[in-house]
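Undergrad: Sharing target-v6.txt (compact mmCIF, C-alpha atoms and all ligand atoms) below.
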```txt
# COMPACT_ATOMS: atom_id res chain seq x y z
CA MET A 1247 0.00 0.00 0.00
CA SER A 1248 1.37 3.37 -0.93
CA PRO A 1249 1.67 5.96 1.84
CA GLU A 1250 -0.71 8.91 2.17
CA PRO A 1251 0.09 11.99 0.10
CA ARG A 1252 2.06 14.53 2.09
CA LEU A 1253 2.86 18.19 1.83
CA VAL A 1254 6.51 19.19 1.56
CA GLU A 1255 7.75 22.73 1.80
CA VAL A 1256 9.96 24.09 -0.95
CA ARG A 1257 11.03 27.62 -1.78
CA ARG A 1258 11.70 28.18 -5.41
CA ASN A 1259 11.51 31.46 -7.26
CA VAL A 1260 9.94 30.73 -10.63
CA LEU A 1261 11.97 33.47 -12.35
CA LYS A 1262 15.21 32.40 -10.71
CA GLN A 1263 16.85 31.52 -14.02
CA ASN A 1264 16.17 34.96 -15.45
CA ASP A 1265 17.23 36.69 -12.26
CA VAL A 1266 20.53 34.83 -12.17
CA VAL A 1267 21.36 35.81 -15.75
CA ALA A 1268 20.25 39.41 -15.12
CA ARG A 1269 22.51 39.63 -12.09
CA ALA A 1270 25.47 38.33 -14.09
CA LEU A 1271 24.73 40.86 -16.83
CA ARG A 1272 24.56 43.68 -14.32
CA GLU A 1273 27.98 42.69 -12.97
CA ARG A 1274 29.40 42.64 -16.49
CA PHE A 1275 27.91 46.06 -17.25
CA ARG A 1276 29.35 47.41 -14.01
CA ALA A 1277 32.80 45.99 -14.72
CA ALA A 1278 32.78 47.45 -18.24
CA GLY A 1279 31.49 50.82 -16.99
CA VAL A 1280 28.58 50.85 -19.41
CA PHE A 1281 25.30 52.47 -18.35
CA VAL A 1282 22.32 50.42 -19.52
CA VAL A 1283 18.88 51.88 -20.16
CA SER A 1284 15.84 49.85 -21.20
CA LEU A 1285 12.61 51.13 -22.72
CA VAL A 1286 9.12 49.70 -22.31
CA SER A 1287 5.79 50.99 -23.61
CA SER A 1288 2.71 49.89 -25.49
CA PRO A 1289 3.15 49.26 -29.22
CA GLY A 1290 3.67 52.51 -31.08
CA SER A 1291 4.27 54.88 -28.15
CA GLY A 1292 7.42 56.05 -29.87
CA LYS A 1293 10.26 53.97 -28.40
CA THR A 1294 12.16 53.66 -31.66
CA ALA A 1295 11.69 57.32 -32.64
CA PHE A 1296 12.82 58.43 -29.18
CA LEU A 1297 15.77 56.07 -29.25
CA GLU A 1298 16.84 57.22 -32.70
CA LYS A 1299 16.85 60.79 -31.43
CA THR A 1300 18.69 59.79 -28.26
CA LEU A 1301 21.40 57.89 -30.14
CA THR A 1302 21.91 60.72 -32.62
CA LEU A 1303 22.21 63.33 -29.88
CA LEU A 1304 24.50 61.25 -27.64
CA ARG A 1305 26.78 59.99 -30.38
CA PRO A 1306 29.03 63.06 -30.62
CA SER A 1307 29.96 62.86 -26.93
CA TYR A 1308 29.52 59.20 -25.97
CA ARG A 1309 30.04 55.70 -27.32
CA VAL A 1310 26.53 54.35 -27.64
CA ALA A 1311 24.85 51.18 -28.92
CA ALA A 1312 21.39 49.65 -28.95
CA LEU A 1313 19.58 46.33 -28.85
CA VAL A 1314 16.02 46.20 -30.09
CA GLY A 1315 13.47 43.49 -29.42
CA ASP A 1316 10.73 42.85 -31.93
CA LEU A 1317 8.36 39.95 -32.48
CA ALA A 1318 9.07 39.53 -36.17
CA THR A 1319 10.46 42.45 -38.13
CA GLU A 1320 13.82 44.12 -38.44
CA ASN A 1321 12.25 47.51 -39.17
CA ASP A 1322 13.19 49.11 -35.87
CA ALA A 1323 16.81 47.94 -36.13
CA LEU A 1324 17.02 49.41 -39.64
CA ARG A 1325 15.59 52.72 -38.41
CA LEU A 1326 18.02 52.84 -35.50
CA ALA A 1327 20.98 51.99 -37.72
CA ARG A 1328 20.43 55.37 -39.38
CA SER A 1329 21.90 56.98 -36.29
CA GLN A 1330 25.17 55.26 -37.22
CA VAL A 1331 25.79 53.43 -33.98
CA PRO A 1332 26.04 49.66 -33.48
CA VAL A 1333 22.52 48.18 -33.39
CA LYS A 1334 21.42 44.61 -33.02
CA GLN A 1335 17.99 43.13 -33.48
CA ILE A 1336 16.63 40.49 -31.12
CA THR A 1337 13.75 38.69 -32.79
CA THR A 1338 11.57 37.21 -30.09
CA GLY A 1339 9.23 35.22 -32.33
CA THR A 1340 6.08 34.57 -30.36
CA LEU A 1341 7.52 35.83 -27.09
CA CYS A 1342 6.01 39.15 -26.03
CA HIS A 1343 8.97 40.37 -23.96
CA LEU A 1344 12.75 40.24 -23.73
CA GLU A 1345 14.45 37.97 -21.23
CA ALA A 1346 17.91 38.37 -19.75
CA ALA A 1347 19.26 35.35 -21.65
CA MET A 1348 18.32 36.97 -24.98
CA VAL A 1349 20.24 40.09 -24.04
CA GLU A 1350 23.20 37.99 -22.96
CA LYS A 1351 23.19 36.12 -26.25
CA ALA A 1352 22.88 39.30 -28.32
CA LEU A 1353 25.91 40.75 -26.53
CA GLU A 1354 28.09 37.68 -27.06
CA ASP A 1355 30.33 39.24 -29.68
CA TRP A 1356 30.26 42.82 -28.39
CA ASP A 1357 33.07 44.36 -26.40
CA LEU A 1358 31.22 46.23 -23.66
CA ASN A 1359 34.40 48.03 -22.63
CA GLN A 1360 34.03 50.07 -25.81
CA LEU A 1361 30.67 51.51 -24.70
CA ASP A 1362 29.42 54.30 -22.46
CA PHE A 1363 25.70 53.69 -23.01
CA LEU A 1364 23.70 50.68 -24.08
CA PHE A 1365 20.00 51.10 -24.83
CA ILE A 1366 17.57 48.19 -24.99
CA GLU A 1367 14.17 48.60 -26.64
CA ASN A 1368 11.79 45.98 -25.30
CA VAL A 1369 8.89 44.54 -27.28
CA GLY A 1370 5.89 46.90 -27.34
CA ASN A 1371 3.85 45.55 -24.43
CA LEU A 1372 2.81 47.09 -21.12
CA VAL A 1373 2.27 43.80 -19.30
CA CYS A 1374 4.79 41.03 -19.85
CA PRO A 1375 8.14 42.89 -19.69
CA SER A 1376 7.46 43.91 -16.09
CA SER A 1377 8.42 40.51 -14.67
CA TYR A 1378 11.82 40.25 -16.37
CA ASP A 1379 14.93 41.95 -15.08
CA LEU A 1380 17.36 42.56 -17.93
CA GLY A 1381 20.24 43.76 -15.77
CA GLU A 1382 19.60 47.37 -16.78
CA ASP A 1383 20.54 50.36 -14.62
CA LEU A 1384 17.49 52.36 -15.57
CA ARG A 1385 14.14 51.30 -16.95
CA LEU A 1386 12.11 53.92 -18.77
CA VAL A 1387 8.37 53.52 -19.31
CA LEU A 1388 6.98 55.62 -22.17
CA ILE A 1389 3.43 56.79 -22.72
CA SER A 1390 2.44 58.97 -25.62
CA VAL A 1391 -0.04 61.81 -25.29
CA THR A 1392 -2.39 60.05 -27.70
CA GLU A 1393 -2.84 57.09 -25.34
CA GLY A 1394 -4.68 58.92 -22.59
CA GLU A 1395 -3.71 59.94 -19.08
CA ASP A 1396 -4.97 56.80 -17.37
CA LYS A 1397 -2.34 54.35 -18.68
CA PRO A 1398 -0.50 54.29 -15.31
CA LEU A 1399 -3.69 53.27 -13.50
CA LYS A 1400 -4.41 50.55 -16.06
CA TYR A 1401 -0.88 49.14 -15.98
CA PRO A 1402 0.41 49.89 -12.48
CA THR A 1403 2.76 46.89 -12.42
CA ILE A 1404 4.91 48.04 -15.33
CA PHE A 1405 5.09 51.57 -13.91
CA ASN A 1406 6.15 50.04 -10.65
CA SER A 1407 8.92 48.06 -12.28
CA ALA A 1408 10.26 51.17 -14.04
CA ASP A 1409 12.43 54.00 -12.70
CA VAL A 1410 11.47 56.91 -14.93
CA ALA A 1411 8.35 57.85 -16.91
CA ILE A 1412 8.62 59.58 -20.28
CA ILE A 1413 5.61 61.26 -21.84
CA THR A 1414 6.23 61.23 -25.60
CA LYS A 1415 4.80 62.94 -28.69
CA THR A 1416 4.24 66.21 -26.83
CA ASP A 1417 3.94 67.95 -30.20
CA LEU A 1418 0.52 66.27 -30.43
CA ALA A 1419 -0.61 67.17 -26.91
CA ALA A 1420 -2.98 69.97 -27.86
CA ALA A 1421 -4.68 67.93 -30.58
CA ALA A 1422 -5.10 65.00 -28.18
CA GLU A 1423 -6.29 67.34 -25.38
CA PHE A 1424 -3.79 65.69 -23.11
CA ASN A 1425 -4.19 66.56 -19.44
CA TRP A 1426 -0.68 66.92 -17.95
CA ASP A 1427 -1.80 67.26 -14.36
CA ALA A 1428 -3.93 64.13 -14.49
CA ALA A 1429 -1.13 62.15 -16.13
CA PHE A 1430 1.39 63.34 -13.56
CA ALA A 1431 -0.96 62.57 -10.66
CA ASN A 1432 -1.65 59.07 -12.01
CA ILE A 1433 2.05 58.32 -12.35
CA GLN A 1434 2.71 59.54 -8.81
CA ALA A 1435 -0.21 57.47 -7.48
CA VAL A 1436 1.25 54.20 -8.75
CA ARG A 1437 4.92 55.12 -8.20
CA PRO A 1438 5.42 57.99 -5.75
CA GLY A 1439 8.52 60.04 -6.50
CA MET A 1440 8.95 58.77 -10.05
CA PRO A 1441 10.78 61.31 -12.24
CA VAL A 1442 8.71 62.34 -15.27
CA PHE A 1443 10.01 63.85 -18.52
CA ARG A 1444 7.94 65.21 -21.37
CA LEU A 1445 9.38 65.29 -24.83
CA SER A 1446 8.86 65.02 -28.54
CA ALA A 1447 11.14 62.87 -30.67
CA LYS A 1448 9.80 64.72 -33.67
CA THR A 1449 10.62 68.30 -32.67
CA GLY A 1450 13.31 67.48 -30.12
CA GLU A 1451 11.50 69.51 -27.46
CA GLY A 1452 12.38 68.25 -23.96
CA MET A 1453 15.21 65.99 -25.12
CA GLU A 1454 17.93 68.13 -23.58
CA GLU A 1455 16.57 67.85 -20.03
CA TYR A 1456 16.22 64.10 -20.30
CA LEU A 1457 19.72 63.66 -21.77
CA GLN A 1458 21.19 65.67 -18.93
CA PHE A 1459 19.41 63.39 -16.50
CA VAL A 1460 20.75 60.14 -18.00
CA GLY A 1461 24.20 61.69 -18.41
CA GLY A 1462 24.12 62.57 -14.72
CA ARG A 1463 23.04 59.08 -13.72
CA MET A 1464 25.85 57.60 -15.78
CA ALA A 1465 28.40 59.90 -14.15
CA ASP A 1466 27.06 58.91 -10.69
CA LEU A 1467 27.46 55.25 -11.54
CA ARG A 1468 31.01 55.72 -12.76
CA SER A 1469 32.06 57.75 -9.75
CA SER A 1470 30.54 55.23 -7.35
CA ALA A 1471 32.31 52.43 -9.21
CA ALA A 1472 35.60 54.33 -9.01
CA VAL A 1473 35.50 54.57 -5.20
CA MET B 687 0.72 36.83 -22.62
CA HIS B 688 3.71 35.38 -20.83
CA GLU B 689 1.75 33.13 -18.48
CA LEU B 690 2.41 30.09 -20.64
CA SER B 691 6.17 30.44 -20.35
CA ILE B 692 5.81 31.02 -16.60
CA ALA B 693 3.60 27.91 -16.35
CA MET B 694 6.21 25.92 -18.25
CA SER B 695 8.88 26.99 -15.77
CA ILE B 696 6.65 25.86 -12.91
CA VAL B 697 6.09 22.50 -14.57
CA ASP B 698 9.84 22.09 -15.17
CA MET B 699 10.43 22.71 -11.48
CA GLY B 700 7.73 20.19 -10.59
CA LEU B 701 9.26 17.56 -12.87
CA GLU B 702 12.66 18.14 -11.34
CA GLU B 703 11.31 17.80 -7.80
CA ALA B 704 9.32 14.70 -8.76
CA GLN B 705 12.40 13.02 -10.15
CA ARG B 706 14.63 14.04 -7.26
CA ARG B 707 12.14 12.74 -4.69
CA GLY B 708 11.02 9.71 -6.67
CA ALA B 709 7.47 10.84 -6.08
CA GLN B 710 4.41 11.92 -7.98
CA ILE B 711 3.37 15.56 -7.69
CA LEU B 712 -0.31 15.99 -6.93
CA THR B 713 -0.43 19.69 -6.18
CA VAL B 714 1.87 22.66 -6.63
CA HIS B 715 1.35 25.55 -4.22
CA LEU B 716 2.37 28.95 -5.57
CA LYS B 717 2.58 32.38 -3.98
CA LEU B 718 1.61 35.08 -6.45
CA GLY B 719 2.19 38.71 -5.59
CA ALA B 720 -0.19 41.39 -6.82
CA LEU B 721 2.83 43.06 -8.46
CA SER B 722 4.27 39.91 -10.04
CA GLY B 723 2.91 40.88 -13.43
CA VAL B 724 1.19 37.52 -13.73
CA VAL B 725 -2.57 37.05 -14.01
CA LYS B 726 -3.93 34.20 -11.90
CA GLU B 727 -6.66 33.01 -14.27
CA ALA B 728 -4.35 33.02 -17.28
CA LEU B 729 -1.73 31.15 -15.28
CA LEU B 730 -4.18 28.45 -14.17
CA SER B 731 -5.31 27.65 -17.70
CA SER B 732 -1.74 27.82 -19.00
CA TYR B 733 -0.68 25.42 -16.26
CA GLU B 734 -3.07 22.76 -17.46
CA MET B 735 -1.73 23.15 -20.97
CA ALA B 736 1.88 23.03 -19.81
CA CYS B 737 1.24 19.80 -17.86
CA GLU B 738 -0.11 17.90 -20.84
CA ASN B 739 1.91 14.83 -21.74
CA THR B 740 4.25 15.27 -18.80
CA ALA B 741 4.50 13.43 -15.49
CA LEU B 742 2.56 16.35 -13.98
CA GLN B 743 -0.52 15.80 -16.09
CA GLY B 744 -3.57 15.81 -13.81
CA SER B 745 -1.78 17.74 -11.05
CA ARG B 746 -3.29 20.89 -9.57
CA LEU B 747 -1.87 24.37 -9.22
CA VAL B 748 -3.06 26.17 -6.10
CA VAL B 749 -2.40 29.90 -6.15
CA GLU B 750 -2.19 31.97 -3.00
CA GLU B 751 -2.50 35.64 -3.90
CA VAL B 752 -0.21 37.92 -1.93
CA PRO B 753 -1.30 41.53 -1.40
CA VAL B 754 1.13 44.45 -1.63
CA VAL B 755 2.67 45.61 1.62
CA VAL B 756 4.63 48.87 1.73
CA PHE B 757 6.74 50.55 4.37
CA CYS B 758 5.34 53.90 5.52
CA PRO B 759 8.22 56.27 6.40
CA GLN B 760 5.84 58.46 8.44
CA CYS B 761 4.33 55.70 10.62
CA GLN B 762 7.59 53.69 10.51
CA ALA B 763 5.41 50.65 9.94
CA GLN B 764 4.46 48.12 7.29
CA ARG B 765 1.05 48.68 5.77
CA SER B 766 -1.10 46.78 3.27
CA ILE B 767 -2.23 49.08 0.50
CA ARG B 768 -5.82 48.89 -0.65
CA SER B 769 -5.09 49.03 -4.34
CA VAL B 770 -2.05 48.81 -6.62
CA GLN B 771 -3.30 52.07 -8.15
CA TRP B 772 -2.67 53.97 -4.97
CA PHE B 773 0.72 53.63 -3.32
CA SER B 774 0.15 55.50 -0.10
CA CYS B 775 -0.22 54.61 3.55
CA PRO B 776 -3.85 53.72 4.32
CA VAL B 777 -3.45 55.19 7.82
CA CYS B 778 -1.71 58.55 7.34
CA GLY B 779 -1.87 58.98 3.57
CA THR B 780 1.89 59.38 3.05
CA PRO B 781 2.92 58.28 -0.48
CA THR B 782 5.51 55.52 -0.49
CA SER B 783 7.02 53.20 -3.06
CA GLU B 784 9.03 51.12 -0.64
CA ILE B 785 7.63 47.68 -1.37
CA VAL B 786 8.00 45.03 1.32
CA GLN B 787 5.91 42.30 -0.25
CA GLY B 788 3.85 41.71 -3.39
CA LYS B 789 6.31 40.71 -6.12
CA GLU B 790 6.35 37.01 -5.23
CA LEU B 791 6.25 34.37 -7.91
CA GLU B 792 7.34 31.43 -5.87
CA VAL B 793 6.62 27.73 -5.50
CA VAL B 794 6.26 27.25 -1.75
CA ALA B 795 5.00 23.68 -1.29
CA LEU B 796 4.24 20.46 -3.10
CA GLU B 797 1.76 17.76 -2.30
CA ILE B 798 3.52 14.53 -3.19
CA GLN B 799 2.68 10.85 -3.34
CA GLU B 800 5.67 8.62 -2.71
N1 LIG C 1 4.15 63.45 -33.92
C1 LIG C 1 4.98 62.57 -33.38
N2 LIG C 1 4.98 61.29 -33.82
C2 LIG C 1 5.83 60.41 -33.24
C3 LIG C 1 6.71 60.78 -32.19
N3 LIG C 1 7.41 59.70 -31.82
C4 LIG C 1 6.98 58.69 -32.60
N4 LIG C 1 6.03 59.11 -33.46
C5 LIG C 1 5.33 58.30 -34.49
O1 LIG C 1 4.62 57.26 -33.83
C6 LIG C 1 4.67 56.06 -34.59
C7 LIG C 1 5.22 54.92 -33.75
O2 LIG C 1 6.55 55.27 -33.35
P1 LIG C 1 7.65 54.17 -33.05
O3 LIG C 1 8.87 54.90 -32.67
O4 LIG C 1 7.73 53.20 -34.15
O5 LIG C 1 6.99 53.45 -31.79
P2 LIG C 1 7.49 52.16 -30.99
O6 LIG C 1 7.10 52.35 -29.59
O7 LIG C 1 8.93 51.92 -31.28
O8 LIG C 1 6.62 51.01 -31.67
P3 LIG C 1 6.82 49.41 -31.50
O9 LIG C 1 8.28 49.13 -31.54
O10 LIG C 1 6.08 48.84 -32.66
O11 LIG C 1 6.18 49.04 -30.19
C8 LIG C 1 5.53 56.38 -35.81
O12 LIG C 1 4.68 56.70 -36.88
C9 LIG C 1 6.32 57.60 -35.38
O13 LIG C 1 6.67 58.42 -36.47
C10 LIG C 1 6.68 62.16 -31.76
O14 LIG C 1 7.40 62.59 -30.85
N5 LIG C 1 5.79 62.99 -32.38
MG MG C 2 9.91 50.21 -31.95
ZN ZN C 3 1.59 56.03 7.47
```
Show how you would write the structure in this file as structure tokens.
Ligand SMILES: Nc1nc2c(ncn2[C@@H]2O[C@H](COP(=O)(O)OP(=O)(O)OP(=O)(O)O)[C@@H](O)[C@H]2O)c(=O)[nH]1
Ligand SMILES: [Mg+2]
Ligand SMILES: [Zn+2]
TA:
Amino acid sequence: MSPEPRLVEVRRNVLKQNDVVARALRERFRAAGVFVVSLVSSPGSGKTAFLEKTLTLLRPSYRVAALVGDLATENDALRLARSQVPVKQITTGTLCHLEAAMVEKALEDWDLNQLDFLFIENVGNLVCPSSYDLGEDLRLVLISVTEGEDKPLKYPTIFNSADVAIITKTDLAAAAEFNWDAAFANIQAVRPGMPVFRLSAKTGEGMEEYLQFVGGRMADLRSSAAV
Amino acid sequence: MHELSIAMSIVDMGLEEAQRRGAQILTVHLKLGALSGVVKEALLSSYEMACENTALQGSRLVVEEVPVVVFCPQCQAQRSIRSVQWFSCPVCGTPTSEIVQGKELEVVALEIQE
């Protein structure tokens, strides 16, 4: 006769594998002195346009590169390559988010010591990327003014997993009747203290302030690493 | 939807435990934080799919939902928040994003048959 079923305690983090790889990546980034920024948003919020602008503006003063996740196409990688910095596409197939192992694989033949900034565009999705640490130093969540002010309340988890909110396409704010105060209040409700930047990748308005911020964060990281 | 890949990771863990213990897994108990980014209903149906044609087929996934607890710097105390849309202390109203609990995605127990 077989014994009665019994309950045994275990303690296993389901995302352990990803977390272990992310931690190793973070250590590599730290050792190489590269500051890593990831971008999440819904499809079409303007990640690629914003990144193209960012790469173009940073390129004269910094060594920059980008990875871009996409379900199927290489379009975003081709657009980003116009900024004349190293760009690599990660095709995720049916997977709706990037995982740390994909980033690790994409970086296999890159010398991180040659970089100051690495940007990672995640797949357009406000749900799935929130659970996966990619080893980044800073995670930006983007919402465009045409999406409405209530996005933070609808997707609190992704806002919570991010460090900075970027409101994009500000050149369209008047046409979309975007309410800045409501958007700001909603962001602060789900993530008190979160820095918020408003900008337009099209006109370049607001880019300067944001670039100063990331430049500052990079300098902080380097000086803390130097101690 | 990333619940299927999460469910597959849970099943892999179950298979590993089953083999290591030389036992059959009847039930997997999971703690799921409100900020884990995983939807319970989607996970439950994905779990069934992920179990198909494995040694875990027919096993159950029992999900314990874990609410978000924050630390209130004003009260110097841990507080459960009422909603993930409102990160502030339910007692004094101070906003806080210091999360103490609520991101769990963790297998905590197994019901096994040896
Ligand atoms: N007017 C205006 N349009 C913008 C701006 N930024 C992006 N767009 C437009 O918005 C559309 C989507 O922009 P993308 O940069 O492709 O958005 P994305 O977030 O990378 O999209 P996915 O990668 O598919 O998720 C394109 O037609 C862009 O030209 C902006 O600042 N102003
Ligand atoms: Mg894009
Ligand atoms: Zn309080």
Undergrad: With all atoms listed in the file as the counted atoms, please give the residues lying no more than 7 Å from Gly719 in chain B, apart from itself and same-chain residues fewer than 4 positions off, as a ChimeraX atom specification.
TA: /B:751-753,788-791
Undergrad: Would you list which chain A residues are within 6 Å of chain B using all atoms listed in the file, as a PyMOL selection string?
TA: chain A and resi 1251-1260+1374+1377+1399+1403+1435-1438
Undergrad: Neighbours of ligand MG 2 (chain C) at 12 Å or closer, counting only C-alpha atoms and all ligand atoms: which residues, as a VMD selection string?
TA: chain A and resid 1285 to 1298 1312 to 1326 1335 to 1336 1366 to 1371 1388
Undergrad: Please identify every polymer residue within 7 Å of ligand ZN 3 (chain C), using all atoms listed in the file, and present the set as a ChimeraX atom specification.
TA: /B:758-761,775-780
Undergrad: As JSON, please report the centre and edge lengths, rounded to one decimal in Å, of the axis-aligned box that holds all listed atoms of ligand LIG 1 (chain C) with 8 Å of padding on each of the six sides.
TA:
```
{"center_x": 6.5, "center_y": 56.1, "center_z": -33.2, "size_x": 20.8, "size_y": 30.6, "size_z": 23.3}
```
Undergrad: Which residue is closest to ligand LIG 1 (chain C)? Choose from A:Ala1447, A:Met1464, A:Ser1470, A:Phe1459 and count all atoms listed in the file.
TA: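 Counting all atoms listed in the file, the residue closest to ligand LIG 1 (chain C) is A:Ala1447.
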Undergrad: Could you jot down the CA of Ala704 in chain B to CA of Ser745 in chain B separation for me, Å, one decimal place?
TA: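 Separation between CA of Ala704 in chain B and CA of Ser745 in chain B: 11.7 Å.
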Undergrad: Give the answer as one residue: which of A:Asn1425, A:Thr1449, A:Thr1302, A:Thr1340 has the shortest atom-to-atom distance to ligand LIG 1 (chain C), using all atoms listed in the file?
TA: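 Of the candidates, the smallest distance to ligand LIG 1 (chain C) is held by A:Thr1449.
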Undergrad: Could you pull the residues within 10 Å of Phe1365 in chain A, counting all atoms listed in the file, minus those fewer than 6 positions along the same chain, as a short mmCIF file (atom, residue, chain, number, x, y, z; two decimals) with C-alpha atoms, in the frame of the given file?
TA:
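Output (part37.cif):
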```
data_model
loop_
_atom_site.label_atom_id
_atom_site.label_comp_id
_atom_site.auth_asym_id
_atom_site.auth_seq_id
_atom_site.Cartn_x
_atom_site.Cartn_y
_atom_site.Cartn_z
CA PHE A 1281 25.30 52.47 -18.35
CA VAL A 1282 22.32 50.42 -19.52
CA VAL A 1283 18.88 51.88 -20.16
CA SER A 1284 15.84 49.85 -21.20
CA LEU A 1285 12.61 51.13 -22.72
CA LEU A 1297 15.77 56.07 -29.25
CA THR A 1300 18.69 59.79 -28.26
CA LEU A 1301 21.40 57.89 -30.14
CA VAL A 1310 26.53 54.35 -27.64
CA ALA A 1311 24.85 51.18 -28.92
CA ALA A 1312 21.39 49.65 -28.95
CA LEU A 1313 19.58 46.33 -28.85
CA VAL A 1314 16.02 46.20 -30.09
CA VAL A 1333 22.52 48.18 -33.39
CA GLU A 1382 19.60 47.37 -16.78
CA LEU A 1384 17.49 52.36 -15.57
CA ARG A 1385 14.14 51.30 -16.95
#
```
